[in-house]
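Note: the block below is work-v4.cif and it holds mmCIF, C-alpha atoms.
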```cif
data_data
loop_
_atom_site.group_PDB
_atom_site.id
_atom_site.type_symbol
_atom_site.label_atom_id
_atom_site.label_comp_id
_atom_site.auth_asym_id
_atom_site.auth_seq_id
_atom_site.Cartn_x
_atom_site.Cartn_y
_atom_site.Cartn_z
ATOM 1 C CA MET A 1 118.374 114.464 101.814
ATOM 2 C CA GLU A 2 119.190 112.555 98.627
ATOM 3 C CA LYS A 3 117.155 113.172 95.505
ATOM 4 C CA PHE A 4 114.811 110.336 94.588
ATOM 5 C CA SER A 5 113.712 109.700 91.006
ATOM 6 C CA VAL A 6 113.967 105.981 90.134
ATOM 7 C CA HIS A 7 114.749 103.033 92.372
ATOM 8 C CA ARG A 8 115.081 99.330 91.687
ATOM 9 C CA GLY A 9 115.752 96.918 94.496
ATOM 10 C CA VAL A 10 115.097 93.534 96.067
ATOM 11 C CA ALA A 11 111.558 93.534 97.435
ATOM 12 C CA VAL A 12 110.231 91.849 100.573
ATOM 13 C CA PRO A 13 106.647 90.563 100.691
ATOM 14 C CA LEU A 14 105.424 91.564 104.164
ATOM 15 C CA ARG A 15 102.083 89.771 104.169
ATOM 16 C CA ARG A 16 100.614 91.713 107.053
ATOM 17 C CA SER A 17 98.073 94.508 107.337
ATOM 18 C CA ASN A 18 97.481 97.094 110.063
ATOM 19 C CA VAL A 19 101.191 97.301 110.827
ATOM 20 C CA ASP A 20 101.451 100.010 113.483
ATOM 21 C CA THR A 21 104.469 102.070 114.425
ATOM 22 C CA ASP A 22 104.997 100.127 117.657
ATOM 23 C CA GLN A 23 105.390 96.955 115.587
ATOM 24 C CA ILE A 24 107.773 98.776 113.246
ATOM 25 C CA ILE A 25 109.923 100.102 116.102
ATOM 26 C CA PRO A 26 108.967 99.357 119.738
ATOM 27 C CA ALA A 27 108.707 102.283 122.151
ATOM 28 C CA HIS A 28 111.770 101.342 124.200
ATOM 29 C CA TRP A 29 113.897 102.226 121.159
ATOM 30 C CA LEU A 30 112.712 105.850 121.259
ATOM 31 C CA LYS A 31 115.244 106.996 123.854
ATOM 32 C CA LYS A 32 117.784 107.937 121.206
ATOM 33 C CA VAL A 33 117.720 111.389 119.652
ATOM 34 C CA THR A 34 119.858 110.607 116.611
ATOM 35 C CA ARG A 35 118.464 109.226 113.347
ATOM 36 C CA ASP A 36 120.743 106.208 113.111
ATOM 37 C CA GLY A 37 121.167 102.840 114.794
ATOM 38 C CA PHE A 38 117.515 101.741 114.680
ATOM 39 C CA GLU A 39 117.944 98.842 112.239
ATOM 40 C CA ASP A 40 118.183 96.254 115.026
ATOM 41 C CA GLY A 41 114.862 97.443 116.438
ATOM 42 C CA LEU A 42 112.971 97.210 113.148
ATOM 43 C CA PHE A 43 110.114 94.703 113.599
ATOM 44 C CA GLU A 44 111.973 93.579 116.732
ATOM 45 C CA ALA A 45 109.277 91.243 118.072
ATOM 46 C CA TRP A 46 108.636 89.570 114.725
ATOM 47 C CA ARG A 47 112.321 89.093 113.974
ATOM 48 C CA LYS A 48 112.592 86.797 117.015
ATOM 49 C CA ASP A 49 110.671 84.305 114.857
ATOM 50 C CA PRO A 50 113.223 82.538 112.625
ATOM 51 C CA GLU A 51 110.540 82.164 109.944
ATOM 52 C CA PHE A 52 109.862 85.904 109.729
ATOM 53 C CA VAL A 53 110.424 87.024 106.165
ATOM 54 C CA LEU A 54 113.178 89.545 106.967
ATOM 55 C CA ASN A 55 115.240 86.763 108.582
ATOM 56 C CA ARG A 56 115.623 85.003 105.238
ATOM 57 C CA PRO A 57 119.122 85.550 103.768
ATOM 58 C CA VAL A 58 117.667 86.268 100.326
ATOM 59 C CA TYR A 59 116.280 89.543 101.718
ATOM 60 C CA ALA A 60 119.465 90.700 103.433
ATOM 61 C CA ASP A 61 119.909 93.512 100.888
ATOM 62 C CA ALA A 62 116.242 94.348 100.418
ATOM 63 C CA THR A 63 115.324 97.988 99.755
ATOM 64 C CA VAL A 64 111.615 97.708 98.869
ATOM 65 C CA LEU A 65 108.961 96.596 101.380
ATOM 66 C CA VAL A 66 105.592 95.457 100.017
ATOM 67 C CA ALA A 67 103.061 95.550 102.858
ATOM 68 C CA GLY A 68 99.336 95.132 103.322
ATOM 69 C CA PRO A 69 96.861 97.957 103.914
ATOM 70 C CA ASP A 70 97.056 100.472 106.775
ATOM 71 C CA PHE A 71 100.820 100.531 107.171
ATOM 72 C CA GLY A 72 102.262 102.907 109.775
ATOM 73 C CA THR A 73 99.170 103.361 111.928
ATOM 74 C CA GLY A 74 99.370 104.077 115.651
ATOM 75 C CA SER A 75 101.384 106.720 117.408
ATOM 76 C CA SER A 76 103.411 109.269 115.509
ATOM 77 C CA ARG A 77 107.092 108.470 115.579
ATOM 78 C CA GLU A 78 109.699 109.482 113.047
ATOM 79 C CA HIS A 79 111.744 106.591 114.411
ATOM 80 C CA ALA A 80 109.567 104.170 112.416
ATOM 81 C CA VAL A 81 110.734 105.782 109.193
ATOM 82 C CA TRP A 82 114.336 105.971 110.420
ATOM 83 C CA ALA A 83 114.308 102.267 111.388
ATOM 84 C CA LEU A 84 113.139 101.298 107.902
ATOM 85 C CA GLN A 85 115.796 103.516 106.332
ATOM 86 C CA ASN A 86 118.538 102.308 108.673
ATOM 87 C CA PHE A 87 117.723 98.741 107.661
ATOM 88 C CA GLY A 88 118.162 99.775 104.019
ATOM 89 C CA PHE A 89 114.639 100.381 102.764
ATOM 90 C CA LYS A 90 114.123 103.159 100.216
ATOM 91 C CA VAL A 91 110.481 102.385 99.412
ATOM 92 C CA VAL A 92 107.389 101.030 101.161
ATOM 93 C CA ILE A 93 104.483 99.944 98.964
ATOM 94 C CA SER A 94 101.030 99.588 100.512
ATOM 95 C CA PRO A 95 97.372 100.100 99.581
ATOM 96 C CA ARG A 96 96.942 102.548 102.474
ATOM 97 C CA PHE A 97 99.252 104.453 104.804
ATOM 98 C CA ALA A 98 98.542 106.267 108.025
ATOM 99 C CA ASP A 99 98.650 109.996 107.271
ATOM 100 C CA ILE A 100 101.342 110.816 109.842
ATOM 101 C CA PHE A 101 103.569 107.957 108.715
ATOM 102 C CA ARG A 102 103.190 109.045 105.086
ATOM 103 C CA GLY A 103 104.087 112.616 106.050
ATOM 104 C CA ASN A 104 107.114 111.540 108.083
ATOM 105 C CA SER A 105 108.275 109.368 105.186
ATOM 106 C CA GLY A 106 108.162 112.198 102.679
ATOM 107 C CA LYS A 107 110.094 114.510 104.992
ATOM 108 C CA SER A 108 112.836 111.913 105.531
ATOM 109 C CA GLY A 109 113.291 110.649 101.968
ATOM 110 C CA LEU A 110 111.421 107.337 102.194
ATOM 111 C CA LEU A 111 108.988 106.825 99.309
ATOM 112 C CA ALA A 112 105.556 105.655 100.514
ATOM 113 C CA ALA A 113 103.994 104.427 97.285
ATOM 114 C CA GLN A 114 100.259 103.804 97.523
ATOM 115 C CA VAL A 115 98.866 101.235 95.105
ATOM 116 C CA ASP A 116 95.643 99.308 94.637
ATOM 117 C CA ASP A 117 95.110 96.210 96.819
ATOM 118 C CA LYS A 118 95.199 94.037 93.694
ATOM 119 C CA VAL A 119 98.657 95.354 92.788
ATOM 120 C CA VAL A 120 100.004 94.405 96.221
ATOM 121 C CA GLN A 121 98.509 90.923 95.852
ATOM 122 C CA ARG A 122 100.114 90.495 92.416
ATOM 123 C CA LEU A 123 103.465 91.719 93.780
ATOM 124 C CA TRP A 124 103.232 89.332 96.752
ATOM 125 C CA ASP A 125 102.482 86.408 94.438
ATOM 126 C CA HIS A 126 105.368 87.368 92.158
ATOM 127 C CA LEU A 127 107.802 87.757 95.057
ATOM 128 C CA ASP A 128 106.730 84.473 96.654
ATOM 129 C CA ALA A 129 107.340 82.701 93.344
ATOM 130 C CA ASN A 130 110.633 84.539 92.796
ATOM 131 C CA PRO A 131 112.355 85.161 96.166
ATOM 132 C CA GLY A 132 114.915 87.923 95.818
ATOM 133 C CA ALA A 133 113.199 89.449 92.782
ATOM 134 C CA THR A 134 113.430 93.181 92.255
ATOM 135 C CA VAL A 135 110.727 95.839 91.987
ATOM 136 C CA SER A 136 111.237 99.190 90.252
ATOM 137 C CA LEU A 137 109.647 102.483 91.256
ATOM 138 C CA ASP A 138 109.686 105.483 88.916
ATOM 139 C CA LEU A 139 108.746 108.596 90.889
ATOM 140 C CA VAL A 140 108.829 110.818 87.796
ATOM 141 C CA ASN A 141 106.105 108.798 86.080
ATOM 142 C CA ARG A 142 104.607 107.366 89.307
ATOM 143 C CA THR A 143 104.877 103.770 88.147
ATOM 144 C CA VAL A 144 105.760 100.469 89.797
ATOM 145 C CA ARG A 145 107.061 97.502 87.810
ATOM 146 C CA ALA A 146 108.109 93.923 88.517
ATOM 147 C CA GLY A 147 108.800 90.883 86.377
ATOM 148 C CA ASP A 148 109.286 90.585 82.649
ATOM 149 C CA GLY A 149 107.387 89.681 79.515
ATOM 150 C CA VAL A 150 103.663 89.082 79.394
ATOM 151 C CA ASP A 151 103.569 88.382 83.145
ATOM 152 C CA ALA A 152 105.163 91.702 84.046
ATOM 153 C CA ILE A 153 103.360 93.765 86.658
ATOM 154 C CA GLU A 154 103.153 97.432 85.802
ATOM 155 C CA ASP A 155 100.825 99.936 87.385
ATOM 156 C CA SER A 156 100.732 103.435 88.785
ATOM 157 C CA PHE A 157 101.112 104.528 92.373
ATOM 158 C CA THR A 158 99.703 107.518 94.205
ATOM 159 C CA ILE A 159 101.690 110.200 95.964
ATOM 160 C CA ASP A 160 100.689 113.801 96.558
ATOM 161 C CA ASP A 161 102.333 116.415 94.337
ATOM 162 C CA TYR A 162 104.073 118.262 97.185
ATOM 163 C CA THR A 163 105.750 115.146 98.621
ATOM 164 C CA ARG A 164 106.685 114.012 95.124
ATOM 165 C CA TRP A 165 108.347 117.397 94.510
ATOM 166 C CA ARG A 166 110.249 117.255 97.820
ATOM 167 C CA LEU A 167 111.574 113.765 97.053
ATOM 168 C CA LEU A 168 112.519 114.637 93.467
ATOM 169 C CA GLU A 169 114.373 117.748 94.679
ATOM 170 C CA GLY A 170 115.854 116.014 97.736
ATOM 171 C CA LEU A 171 114.546 118.697 100.096
ATOM 172 C CA ASP A 172 113.848 118.081 103.758
ATOM 173 C CA ASP A 173 112.556 120.920 105.997
ATOM 174 C CA VAL A 174 116.048 122.348 106.500
ATOM 175 C CA GLY A 175 116.762 122.147 102.772
ATOM 176 C CA ILE A 176 113.558 124.022 101.943
ATOM 177 C CA THR A 177 114.462 126.758 104.433
ATOM 178 C CA LEU A 178 117.993 127.048 103.067
ATOM 179 C CA SER A 179 116.637 127.385 99.533
ATOM 180 C CA HIS A 180 115.444 130.832 100.706
ATOM 181 C CA GLU A 181 118.805 131.769 102.222
ATOM 182 C CA ALA A 182 119.241 134.867 100.035
ATOM 183 C CA ASP A 183 115.800 136.170 101.007
ATOM 184 C CA ILE A 184 116.543 135.518 104.679
ATOM 185 C CA ALA A 185 119.839 137.420 104.422
ATOM 186 C CA THR A 186 118.118 140.349 102.697
ATOM 187 C CA TYR A 187 115.441 140.450 105.385
ATOM 188 C CA GLU A 188 117.985 140.296 108.200
ATOM 189 C CA ALA A 189 120.076 143.051 106.620
ATOM 190 C CA ALA A 190 117.053 145.378 106.532
ATOM 191 C CA ARG A 191 116.096 144.858 110.184
ATOM 192 C CA PRO A 192 116.974 147.568 112.730
ATOM 193 C CA SER A 193 120.324 146.873 114.418
ATOM 194 C CA TYR A 194 118.791 146.879 117.913
ATOM 195 C CA LYS A 195 116.690 143.760 117.139
ATOM 196 C CA PRO A 196 117.994 140.185 117.606
ATOM 197 C CA VAL A 197 119.753 138.670 114.606
ATOM 198 C CA THR A 198 120.038 135.155 113.221
ATOM 199 C CA LEU A 199 123.576 133.799 113.406
#
```
Here is a file; write its structure as structure tokens.
Amino acid sequence: MEKFSVHRGVAVPLRRSNVDTDQIIPAHWLKKVTRDGFEDGLFEAWRKDPEFVLNRPVYADATVLVAGPDFGTGSSREHAVWALQNFGFKVVISPRFADIFRGNSGKSGLLAAQVDDKVVQRLWDHLDANPGATVSLDLVNRTVRAGDGVDAIEDSFTIDDYTRWRLLEGLDDVGITLSHEADIATYEAARPSYKPVTL
């Protein structure tokens, strides 16, 4: 997993709340066991509407999604996070995330930045007035920023300390286990030879 510290990218105003995981990636896409190839299924039903925001060419290279409250509700599926990442998103900003979605995001390297409702509204207004504008996220200082000058939007976002640490260090579950490789080897070396070993 790549380390995450600061990201700046084109942001998409997704003016919807209560976006559940079935809307993010429909169930019929869950037959695959790999983590790639889900970008075509992202928001599949909504993307059939030519007016859907992600169909606008200005957002073709978007990496930041600014959504309404209660993003990622519904059934647990890592595929929702993978679909967002496969499409190119590095960050989702929302006033509230479903706990499981937030956990899956942190384990896969997607920053789920929780901000106040008023911050999302200001970001939406800014992005509507400036299609293709960028938003910056600083994980070290937990800040979000958009725009310039006196109209700049700058505020803090919430993320738990453990997930922040994992993202800063670039550690998924396998990476955390491998960080204890020397201890594992020492333990295995001390075990009686008649017991099973880890290869």
Starting from the PyMOL selection byres ((chain A and resi 73) around 9), expand the selection into actual residues of this file and give them as a compact mmCIF listing (two decimals) with C-alpha atoms, in the coordinates of the input.
```txt
# COMPACT_ATOMS: atom_id res chain seq x y z
CA ASN A 18 97.48 97.09 110.06
CA VAL A 19 101.19 97.30 110.83
CA ASP A 20 101.45 100.01 113.48
CA THR A 21 104.47 102.07 114.42
CA ASP A 22 105.00 100.13 117.66
CA ASP A 70 97.06 100.47 106.78
CA PHE A 71 100.82 100.53 107.17
CA GLY A 72 102.26 102.91 109.78
CA GLY A 74 99.37 104.08 115.65
CA SER A 75 101.38 106.72 117.41
CA SER A 76 103.41 109.27 115.51
CA PHE A 97 99.25 104.45 104.80
CA ALA A 98 98.54 106.27 108.02
CA ASP A 99 98.65 110.00 107.27
CA ILE A 100 101.34 110.82 109.84
CA PHE A 101 103.57 107.96 108.72
```
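Remark: for Ala133 in chain A, the closest of the candidate residues A:Phe4, A:Phe87, A:Tyr59, A:Phe52 is A:Tyr59 (distances computed over all atoms listed in the file).
A straight line drawn from CA of Ile93 in chain A to CA of Leu171 in chain A is 21.3 Å long.
Our summary of the geometry notes that CA of Thr158 in chain A is positioned 29.2 Å from CA of Glu44 in chain A.
When you apply the PyMOL selection byres ((chain A and resi 41) around 10) to this structure, what comes back is Gln23, Ile24, Ile25, Pro26, Ala27, His28, Trp29, Leu30, Gly37, Phe38, Glu39, Asp40, Leu42, Phe43, Glu44, Ala45, Arg47, His79, Ala80, Ala83, Leu84, Asn86 and Phe87 of chain A.
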Practice item. List the residues selected by the PyMOL selection byres ((chain A and resi 153) around 8) in the file shown, writing them as a ChimeraX atom specification. Key: /A:119,122-123,144-148,151-152,154-155
Check your understanding: Any idea what's packed within 10 Å of Gly9 in chain A, counting all atoms listed in the file, ignoring anything in its chain fewer than 6 positions away? Could you give it as a PyMOL selection string?
Key -> chain A and resi 61-65+89-91+132-137
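CA of Gly103 in chain A is positioned 29.4 Å from CA of Ala185 in chain A.
Considering all atoms listed in the file, the residue among A:Gly106, A:Lys195, A:Val150, A:Leu139 positioned nearest to Tyr162 in chain A is A:Gly106.
Comparing the minimum interatomic distances between Asp172 in chain A and each of A:Glu78, A:Glu2, A:Asp138, A:Asp36, counting all atoms listed in the file, we find that A:Glu2 sits nearest.
Selection around (112.1, 114.7, 106.5) with radius 8 Å, counting only C-alpha atoms, yields the residues A:Met1, A:Asn104, A:Ser105, A:Gly106, A:Lys107, A:Ser108, A:Gly109, A:Leu171, A:Asp172, A:Asp173.
If only C-alpha atoms are the atoms counted, then among A:Gln121, A:Arg35, A:Ala182, A:Val58 the closest residue to Arg77 in chain A is A:Arg35.
Residues with any atom within 10 Å of Pro95 in chain A, counting only C-alpha atoms and excluding same-chain neighbours fewer than 6 positions away, are Ser17, Val66, Ala67, Gly68, Pro69, Asp70, Phe71, Ala112, Ala113, Gln114, Val115, Asp116, Asp117, Lys118, Val119, Val120, Gln121, Phe157 and Thr158 of chain A.
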